[in-house]
>>> print(open('work_30.cif').read())   # mmCIF, C-alpha atoms and all ligand atoms
data_query
loop_
_atom_site.label_atom_id
_atom_site.label_comp_id
_atom_site.auth_asym_id
_atom_site.auth_seq_id
_atom_site.Cartn_x
_atom_site.Cartn_y
_atom_site.Cartn_z
CA MET A 127 12.42 -17.50 6.47
CA ILE A 128 9.29 -16.98 4.39
CA ILE A 129 6.23 -18.43 6.14
CA LEU A 130 3.82 -20.37 3.92
CA LYS A 131 0.19 -20.19 5.04
CA SER A 132 -2.15 -23.17 5.34
CA PRO A 133 -5.65 -23.07 3.81
CA ASP A 134 -7.10 -22.34 7.28
CA GLU A 135 -4.64 -19.52 7.88
CA ILE A 136 -5.47 -18.12 4.45
CA LYS A 137 -9.18 -18.07 5.36
CA ASN A 138 -8.31 -15.98 8.39
CA MET A 139 -6.14 -13.63 6.38
CA ALA A 140 -8.83 -13.25 3.76
CA GLN A 141 -11.14 -12.03 6.50
CA SER A 142 -8.71 -9.36 7.73
CA CYS A 143 -8.00 -8.35 4.15
CA SER A 144 -11.67 -8.09 3.28
CA ILE A 145 -12.16 -5.62 6.15
CA VAL A 146 -9.23 -3.59 4.79
CA ALA A 147 -10.85 -3.53 1.36
CA LYS A 148 -14.28 -2.58 2.70
CA THR A 149 -12.78 0.20 4.82
CA LEU A 150 -10.89 1.68 1.87
CA ASP A 151 -14.03 1.51 -0.23
CA ALA A 152 -16.02 3.30 2.47
CA ILE A 153 -13.30 5.95 2.75
CA LYS A 154 -13.45 6.51 -1.00
CA ALA A 155 -17.03 7.67 -0.61
CA ILE A 156 -16.19 10.37 1.96
CA VAL A 157 -13.03 11.82 0.37
CA LYS A 158 -14.21 15.24 -0.80
CA PRO A 159 -13.01 18.84 -0.68
CA GLY A 160 -13.64 20.22 2.83
CA ILE A 161 -13.01 17.05 4.87
CA THR A 162 -9.96 16.82 7.15
CA THR A 163 -7.63 13.84 7.32
CA GLU A 164 -8.44 13.56 11.04
CA GLU A 165 -12.13 13.10 10.15
CA ILE A 166 -11.15 10.31 7.76
CA GLU A 167 -9.02 8.77 10.54
CA ASN A 168 -11.95 8.78 12.96
CA PHE A 169 -14.26 7.30 10.35
CA ALA A 170 -11.78 4.53 9.48
CA ASP A 171 -10.99 3.70 13.10
CA ALA A 172 -14.70 3.35 13.93
CA TYR A 173 -15.39 1.36 10.76
CA ILE A 174 -12.62 -1.17 11.48
CA ARG A 175 -13.71 -1.62 15.11
CA ALA A 176 -17.36 -2.01 14.05
CA ASN A 177 -16.13 -4.99 12.03
CA ASN A 178 -14.68 -6.56 15.19
CA ALA A 179 -11.15 -5.90 14.03
CA VAL A 180 -8.25 -3.81 15.32
CA PRO A 181 -6.49 -1.05 13.36
CA ALA A 182 -3.02 -2.50 12.87
CA PHE A 183 -1.00 0.68 12.54
CA LYS A 184 -2.06 2.38 15.78
CA GLY A 185 0.87 1.99 18.18
CA TYR A 186 2.98 0.14 15.62
CA ARG A 187 6.50 1.36 16.45
CA GLY A 188 4.78 4.29 18.13
CA TYR A 189 2.74 5.38 15.09
CA PRO A 190 -0.05 7.58 16.53
CA ALA A 191 -3.02 6.80 14.24
CA SER A 192 -5.06 4.05 12.60
CA ILE A 193 -4.43 5.19 9.03
CA CYS A 194 -1.70 6.96 7.14
CA ALA A 195 -3.07 9.94 5.18
CA SER A 196 -0.48 11.44 2.82
CA VAL A 197 -1.39 14.47 0.69
CA ASN A 198 0.22 15.54 -2.63
CA ASN A 199 4.03 15.63 -2.10
CA GLU A 200 3.69 13.38 0.97
CA VAL A 201 4.74 9.87 -0.05
CA ILE A 202 3.71 7.74 2.96
CA HIS A 203 3.15 7.84 6.72
CA GLY A 204 1.30 11.16 6.75
CA ILE A 205 -0.26 11.59 10.21
CA PRO A 206 -3.95 12.54 10.17
CA SER A 207 -4.48 16.17 11.23
CA ASP A 208 -6.82 19.14 10.91
CA ARG A 209 -5.55 19.68 7.36
CA VAL A 210 -8.53 20.37 5.11
CA LEU A 211 -8.50 18.62 1.74
CA LYS A 212 -9.10 20.82 -1.28
CA GLU A 213 -10.18 20.23 -4.84
CA GLY A 214 -7.25 18.96 -6.91
CA ASP A 215 -5.37 17.29 -4.02
CA ILE A 216 -4.41 13.64 -4.15
CA LEU A 217 -4.70 11.63 -0.93
CA SER A 218 -2.91 8.35 -0.24
CA ILE A 219 -4.62 6.26 2.43
CA ASP A 220 -2.72 3.27 3.82
CA LEU A 221 -4.36 1.01 6.37
CA GLY A 222 -3.86 -2.25 8.12
CA VAL A 223 -6.23 -4.48 10.05
CA TYR A 224 -5.60 -7.21 12.63
CA LYS A 225 -8.21 -9.86 13.31
CA ASP A 226 -8.04 -13.40 14.73
CA GLY A 227 -4.26 -13.54 14.59
CA PHE A 228 -3.69 -12.21 11.07
CA TYR A 229 -2.97 -8.91 9.34
CA GLY A 230 -4.22 -7.36 6.11
CA ASP A 231 -2.65 -4.26 4.52
CA ALA A 232 -3.58 -2.11 1.52
CA ALA A 233 -3.27 1.43 0.22
CA CYS A 234 -4.90 3.56 -2.43
CA THR A 235 -4.39 7.12 -3.69
CA PHE A 236 -7.68 8.96 -4.15
CA PRO A 237 -8.37 12.09 -6.18
CA VAL A 238 -10.00 14.90 -4.19
CA GLY A 239 -12.67 16.26 -6.52
CA LYS A 240 -11.33 17.00 -9.97
CA ILE A 241 -7.56 16.68 -10.31
CA LEU A 242 -5.10 17.87 -12.98
CA PRO A 243 -4.15 15.55 -15.87
CA ASN A 244 -0.59 15.00 -14.58
CA ALA A 245 -1.95 13.84 -11.21
CA GLU A 246 -4.52 11.64 -12.96
CA ARG A 247 -1.73 10.05 -14.97
CA LEU A 248 0.42 9.47 -11.86
CA LEU A 249 -2.43 7.60 -10.17
CA ARG A 250 -3.13 5.51 -13.25
CA VAL A 251 0.53 4.56 -13.74
CA THR A 252 1.10 3.74 -10.06
CA GLU A 253 -1.99 1.54 -9.83
CA GLY A 254 -1.04 -0.03 -13.16
CA SER A 255 2.44 -0.83 -11.83
CA LEU A 256 0.89 -2.56 -8.79
CA TYR A 257 -1.21 -4.80 -11.05
CA ILE A 258 1.81 -5.58 -13.23
CA GLY A 259 3.77 -6.51 -10.10
CA ILE A 260 0.92 -8.75 -8.97
CA GLU A 261 0.76 -10.49 -12.37
CA ASN A 262 4.40 -11.40 -11.91
CA ALA A 263 3.85 -12.98 -8.48
CA MET A 264 3.80 -16.43 -10.08
CA PRO A 265 5.31 -19.60 -8.63
CA GLY A 266 8.73 -20.22 -10.17
CA ASN A 267 9.39 -16.49 -10.54
CA ARG A 268 11.64 -14.80 -8.01
CA ILE A 269 10.83 -11.89 -5.72
CA SER A 270 12.79 -9.39 -7.81
CA ASP A 271 10.80 -10.29 -10.92
CA ILE A 272 7.96 -8.43 -9.19
CA SER A 273 10.31 -5.52 -8.42
CA TYR A 274 11.71 -5.32 -11.93
CA SER A 275 8.31 -5.43 -13.64
CA ILE A 276 7.05 -2.55 -11.48
CA GLN A 277 10.08 -0.34 -12.12
CA ARG A 278 10.09 -1.07 -15.84
CA HIS A 279 6.50 0.10 -16.19
CA VAL A 280 6.98 3.21 -14.05
CA LYS A 281 10.20 4.20 -15.85
CA SER A 282 8.58 3.77 -19.26
CA LYS A 283 5.98 6.36 -18.24
CA GLY A 284 8.63 8.86 -17.10
CA PHE A 285 7.99 8.58 -13.35
CA SER A 286 10.28 7.22 -10.64
CA VAL A 287 9.97 4.52 -8.00
CA VAL A 288 10.70 5.29 -4.35
CA ARG A 289 13.62 3.18 -3.11
CA ALA A 290 13.72 3.94 0.60
CA PHE A 291 10.60 1.86 1.35
CA VAL A 292 9.59 -1.58 0.13
CA GLY A 293 6.78 -4.15 0.17
CA HIS A 294 6.84 -7.15 2.48
CA GLY A 295 5.57 -10.55 3.47
CA ILE A 296 2.54 -10.40 5.79
CA GLY A 297 0.62 -12.84 7.98
CA ARG A 298 0.77 -13.26 11.76
CA GLU A 299 3.07 -10.21 11.63
CA LEU A 300 2.45 -6.98 9.73
CA HIS A 301 5.94 -7.20 8.27
CA GLU A 302 7.36 -10.63 7.49
CA GLU A 303 10.09 -11.76 5.14
CA PRO A 304 10.73 -11.20 2.31
CA GLN A 305 11.26 -7.53 1.55
CA ILE A 306 9.84 -6.64 -1.85
CA PRO A 307 11.58 -3.65 -3.46
CA ASN A 308 9.79 -1.88 -6.30
CA PHE A 309 13.01 -1.52 -8.30
CA GLY A 310 16.10 -3.47 -9.29
CA PRO A 311 17.23 -6.23 -11.65
CA PRO A 312 15.08 -9.33 -12.30
CA ASN A 313 15.83 -12.93 -11.27
CA ARG A 314 17.09 -12.25 -7.75
CA GLY A 315 15.87 -13.29 -4.33
CA PRO A 316 13.75 -16.22 -3.14
CA ARG A 317 11.51 -18.17 -5.52
CA LEU A 318 7.79 -17.57 -5.15
CA MET A 319 5.76 -20.48 -3.83
CA PRO A 320 2.04 -21.16 -3.37
CA GLY A 321 0.96 -20.15 0.14
CA MET A 322 3.13 -17.03 0.34
CA THR A 323 1.19 -13.92 1.33
CA LEU A 324 2.75 -10.66 0.18
CA ALA A 325 2.02 -6.95 0.46
CA ILE A 326 3.13 -5.37 -2.82
CA GLU A 327 3.19 -1.59 -2.60
CA PRO A 328 4.76 0.67 -5.22
CA MET A 329 5.27 4.30 -4.20
CA VAL A 330 5.76 6.38 -7.34
CA ASN A 331 7.03 9.94 -7.66
CA GLU A 332 6.23 12.40 -10.41
CA GLY A 333 9.81 13.75 -10.19
CA GLY A 334 12.91 12.22 -8.60
CA TYR A 335 12.85 9.13 -6.39
CA GLU A 336 14.50 10.81 -3.40
CA VAL A 337 12.47 11.28 -0.22
CA LEU A 338 12.87 13.01 3.12
CA ILE A 339 11.39 12.19 6.55
CA LEU A 340 10.03 15.24 8.37
CA ASP A 341 10.78 16.16 12.00
CA ASP A 342 7.65 14.36 13.24
CA GLY A 343 9.64 11.19 12.55
CA TRP A 344 7.00 9.78 10.18
CA THR A 345 5.78 11.99 7.35
CA THR A 346 7.81 11.10 4.27
CA VAL A 347 7.84 13.68 1.47
CA THR A 348 9.39 13.95 -1.98
CA LEU A 349 12.69 15.82 -1.89
CA ASP A 350 11.72 17.90 -4.94
CA GLY A 351 8.21 18.72 -3.66
CA LYS A 352 6.47 17.01 -6.58
CA LEU A 353 3.54 14.61 -6.28
CA SER A 354 3.67 11.00 -5.09
CA ALA A 355 1.18 8.12 -5.23
CA HIS A 356 0.92 4.78 -3.41
CA PHE A 357 -1.11 1.65 -4.18
CA GLU A 358 -0.89 -1.58 -2.21
CA HIS A 359 -2.60 -4.97 -2.10
CA THR A 360 -2.11 -8.03 0.06
CA ILE A 361 -1.98 -11.03 -2.27
CA LEU A 362 -1.73 -14.81 -2.07
CA VAL A 363 0.65 -16.68 -4.36
CA THR A 364 -1.12 -19.77 -5.72
CA SER A 365 -0.20 -22.53 -8.16
CA ASP A 366 -1.97 -20.40 -10.76
CA LYS A 367 -2.68 -16.64 -10.91
CA PRO A 368 -2.20 -14.73 -7.65
CA GLU A 369 -5.28 -13.99 -5.59
CA ILE A 370 -5.78 -10.40 -4.45
CA LEU A 371 -6.98 -10.68 -0.85
CA THR A 372 -7.64 -6.97 -0.34
CA LYS A 373 -9.84 -6.64 -3.39
CA ILE A 374 -13.36 -5.38 -2.84
CA SER A 375 -15.65 -8.37 -3.49
N1 LIG B 401 1.49 0.27 5.49
C1 LIG B 401 2.83 0.32 5.94
C2 LIG B 401 3.49 -0.86 5.34
O1 LIG B 401 2.97 -1.37 4.43
C3 LIG B 401 2.94 0.27 7.40
C4 LIG B 401 2.69 1.55 8.01
S1 LIG B 401 3.72 1.70 9.33
C5 LIG B 401 2.81 2.51 10.44
O2 LIG B 401 4.51 -1.31 5.72
F1 LIG B 401 3.59 2.77 11.38
F2 LIG B 401 2.33 3.58 9.88
F3 LIG B 401 1.89 1.76 10.86
CO CO B 402 2.46 -2.60 3.63
#
>>> encode(input="work_30.cif", output="structure tokens", more="lines below")
Ligand code: MF3
Ligand code: CO
Amino acid sequence: MIILKSPDEIKNMAQSCSIVAKTLDAIKAIVKPGITTEEIENFADAYIRANNAVPAFKGYRGYPASICASVNNEVIHGIPSDRVLKEGDILSIDLGVYKDGFYGDAACTFPVGKILPNAERLLRVTEGSLYIGIENAMPGNRISDISYSIQRHVKSKGFSVVRAFVGHGIGRELHEEPQIPNFGPPNRGPRLMPGMTLAIEPMVNEGGYEVLILDDGWTTVTLDGKLSAHFEHTILVTSDKPEILTKIS
């Protein structure tokens, strides 16, 4: 069942989502060659708590940190560590916040210093595919119209969409129905309705779509070792254009 949110519930969600957006924006300012992902973790954890919110990922199914920090060939769920970022890396930060009964969730891939043109292009195409997916989150459309529009864009640019992980409904739970794949044929799945809150999150690989989970049980990497990027927003389906709740205001 897909849970529609009332205007009051949406106000609450908007608050959680705004803290997610502010945290990502603050992280953006400290991502530089020389910093470790553990330092970014500590910064983010403190920032979220200073906003009277709780990091949503910490302890989720045993996940050990408040953010996911995935570098280069790491697709998602990279665990913060003493790894030092260097010029030319790309860093995907995924974070969730829980406040007053509701979750917010977003991700962004940041360049570390100056990056190569192929990496630049991967980030641009992945973020572009997220915005195209969001544009298609219109009432009357079906869930897979979002999926199809994302994959179409990514494919046309010569990159591939990760299939092993998908977007999701979000609200009083971090993961609610429906699942939102970033690939597949259009015109399938439930119809979109105003009041649905969705986390749309394309993960895009420079090479093949196949991924591998490392022995830590979390870190997901590309099978071919090439780069991967991840952009995510929590959005609200309305009677008109969707509203991006995790947008920096
Ligand atoms: N951001 C992920 C998602 O969108 C959740 C991360 S799972 C965690 O589904 F375990 F890392 F928290
Ligand atoms: Co998510």
>>> residues_near_ligand(input="work_30.cif", ligand="ligand CO 402 (chain B)", cutoff="6 Å", atoms="all atoms listed in the file", output="ChimeraX atom specification")
/A:231,293,325
>>> closest_atom_pairs(input="work_30.cif", of="chain A", to="ligand LIG 401 (chain B)", cutoff="8 Å", atoms="all atoms listed in the file", output="CSV")
residue,atom,partner,partner_atom,distance
A:Ala182,CA,B:LIG401,F3,6.8
A:Phe183,CA,B:LIG401,F3,3.5
A:Lys184,CA,B:LIG401,F3,6.3
A:Gly185,CA,B:LIG401,F1,7.4
A:Tyr186,CA,B:LIG401,F1,5.0
A:Arg187,CA,B:LIG401,F1,6.0
A:Gly188,CA,B:LIG401,F1,7.0
A:Tyr189,CA,B:LIG401,F1,4.6
A:Pro190,CA,B:LIG401,F1,7.9
A:Ala191,CA,B:LIG401,F2,7.6
A:Ser192,CA,B:LIG401,F3,7.5
A:Ile193,CA,B:LIG401,F2,7.0
A:Cys194,CA,B:LIG401,F2,5.9
A:His203,CA,B:LIG401,F2,5.4
A:Asp220,CA,B:LIG401,N1,5.4
A:Leu221,CA,B:LIG401,N1,6.0
A:Gly222,CA,B:LIG401,N1,6.5
A:Asp231,CA,B:LIG401,N1,6.2
A:Ala232,CA,B:LIG401,N1,6.9
A:Ala233,CA,B:LIG401,N1,7.2
A:Val292,CA,B:LIG401,O2,7.6
A:Gly293,CA,B:LIG401,O1,6.4
A:His294,CA,B:LIG401,O2,7.1
A:Leu300,CA,B:LIG401,O2,7.2
A:His301,CA,B:LIG401,O2,6.6
A:Ala325,CA,B:LIG401,O1,6.9
A:Glu327,CA,B:LIG401,O1,7.0
A:Trp344,CA,B:LIG401,F2,7.8
A:Glu358,CA,B:LIG401,O1,7.7
>>> residues_near_point(input="work_30.cif", point="(-0.8, -22.3, 5.9)", cutoff="12 Å", atoms="all atoms listed in the file", output="count of residues only")
23
>>> closest_atom_pairs(input="work_30.cif", of="region 235-293 of chain A", to="region 153-159 of chain A", cutoff="10 Å", atoms="all atoms listed in the file", output="tab-separated table")
residue	atom	partner	partner_atom	distance
A:Thr235	CA	A:Lys154	CA	9.5
A:Phe236	CA	A:Lys154	CA	7.0
A:Pro237	CA	A:Val157	CA	8.0
A:Val238	CA	A:Lys158	CA	5.4
A:Gly239	CA	A:Lys158	CA	6.0
A:Lys240	CA	A:Pro159	CA	9.6
>>> atom_distance(input="work_30.cif", atom1="CA of Ala179 (chain A)", atom2="CA of Lys373 (chain A)")
17.5 Å
>>> build_atoms(input="work_30.cif", residues="region 140-161 of chain A", atoms="N, CA, C and O atoms", output="short mmCIF file (atom, residue, chain, number, x, y, z; two decimals), in the coordinates of the input")
data_model
loop_
_atom_site.label_atom_id
_atom_site.label_comp_id
_atom_site.auth_asym_id
_atom_site.auth_seq_id
_atom_site.Cartn_x
_atom_site.Cartn_y
_atom_site.Cartn_z
N ALA A 140 -7.85 -13.79 4.71
CA ALA A 140 -8.83 -13.25 3.76
C ALA A 140 -9.86 -12.40 4.49
O ALA A 140 -10.32 -11.38 3.96
N GLN A 141 -10.17 -12.80 5.71
CA GLN A 141 -11.14 -12.03 6.50
C GLN A 141 -10.57 -10.66 6.88
O GLN A 141 -11.23 -9.64 6.69
N SER A 142 -9.35 -10.64 7.40
CA SER A 142 -8.71 -9.36 7.73
C SER A 142 -8.60 -8.48 6.49
O SER A 142 -8.87 -7.27 6.53
N CYS A 143 -8.21 -9.10 5.39
CA CYS A 143 -8.00 -8.35 4.15
C CYS A 143 -9.31 -7.81 3.60
O CYS A 143 -9.35 -6.71 3.02
N SER A 144 -10.38 -8.56 3.78
CA SER A 144 -11.67 -8.09 3.28
C SER A 144 -12.14 -6.86 4.07
O SER A 144 -12.75 -5.94 3.50
N ILE A 145 -11.81 -6.81 5.36
CA ILE A 145 -12.16 -5.62 6.15
C ILE A 145 -11.32 -4.42 5.68
O ILE A 145 -11.84 -3.30 5.56
N VAL A 146 -10.07 -4.67 5.35
CA VAL A 146 -9.23 -3.59 4.79
C VAL A 146 -9.87 -3.04 3.52
O VAL A 146 -10.02 -1.82 3.35
N ALA A 147 -10.27 -3.94 2.64
CA ALA A 147 -10.85 -3.53 1.36
C ALA A 147 -12.15 -2.74 1.55
O ALA A 147 -12.36 -1.69 0.93
N LYS A 148 -13.00 -3.26 2.44
CA LYS A 148 -14.28 -2.58 2.70
C LYS A 148 -14.06 -1.20 3.31
O LYS A 148 -14.77 -0.24 2.99
N THR A 149 -13.06 -1.10 4.19
CA THR A 149 -12.78 0.20 4.82
C THR A 149 -12.29 1.20 3.78
O THR A 149 -12.74 2.36 3.76
N LEU A 150 -11.38 0.77 2.91
CA LEU A 150 -10.89 1.68 1.87
C LEU A 150 -12.02 2.12 0.95
O LEU A 150 -12.09 3.28 0.54
N ASP A 151 -12.90 1.18 0.65
CA ASP A 151 -14.03 1.51 -0.23
C ASP A 151 -14.98 2.52 0.44
O ASP A 151 -15.49 3.43 -0.22
N ALA A 152 -15.17 2.36 1.74
CA ALA A 152 -16.02 3.30 2.47
C ALA A 152 -15.35 4.68 2.55
O ALA A 152 -16.02 5.72 2.48
N ILE A 153 -14.03 4.68 2.71
CA ILE A 153 -13.30 5.95 2.75
C ILE A 153 -13.43 6.69 1.42
O ILE A 153 -13.63 7.91 1.38
N LYS A 154 -13.34 5.93 0.35
CA LYS A 154 -13.45 6.51 -1.00
C LYS A 154 -14.68 7.40 -1.13
O LYS A 154 -14.65 8.46 -1.75
N ALA A 155 -15.76 6.95 -0.50
CA ALA A 155 -17.03 7.67 -0.61
C ALA A 155 -17.06 8.97 0.18
O ALA A 155 -17.90 9.84 -0.08
N ILE A 156 -16.15 9.14 1.15
CA ILE A 156 -16.19 10.37 1.96
C ILE A 156 -15.04 11.34 1.63
O ILE A 156 -14.98 12.43 2.19
N VAL A 157 -14.14 10.92 0.75
CA VAL A 157 -13.03 11.82 0.37
C VAL A 157 -13.57 12.90 -0.56
O VAL A 157 -13.94 12.62 -1.70
N LYS A 158 -13.65 14.12 -0.04
CA LYS A 158 -14.21 15.24 -0.80
C LYS A 158 -13.53 16.52 -0.33
O LYS A 158 -13.04 16.58 0.80
N PRO A 159 -13.51 17.56 -1.15
CA PRO A 159 -13.01 18.84 -0.68
C PRO A 159 -13.75 19.25 0.59
O PRO A 159 -14.97 19.08 0.68
N GLY A 160 -13.01 19.75 1.60
CA GLY A 160 -13.64 20.22 2.83
C GLY A 160 -13.46 19.28 4.01
O GLY A 160 -13.56 19.70 5.16
N ILE A 161 -13.19 17.99 3.75
CA ILE A 161 -13.01 17.05 4.87
C ILE A 161 -11.55 17.12 5.35
O ILE A 161 -10.64 17.43 4.56
#
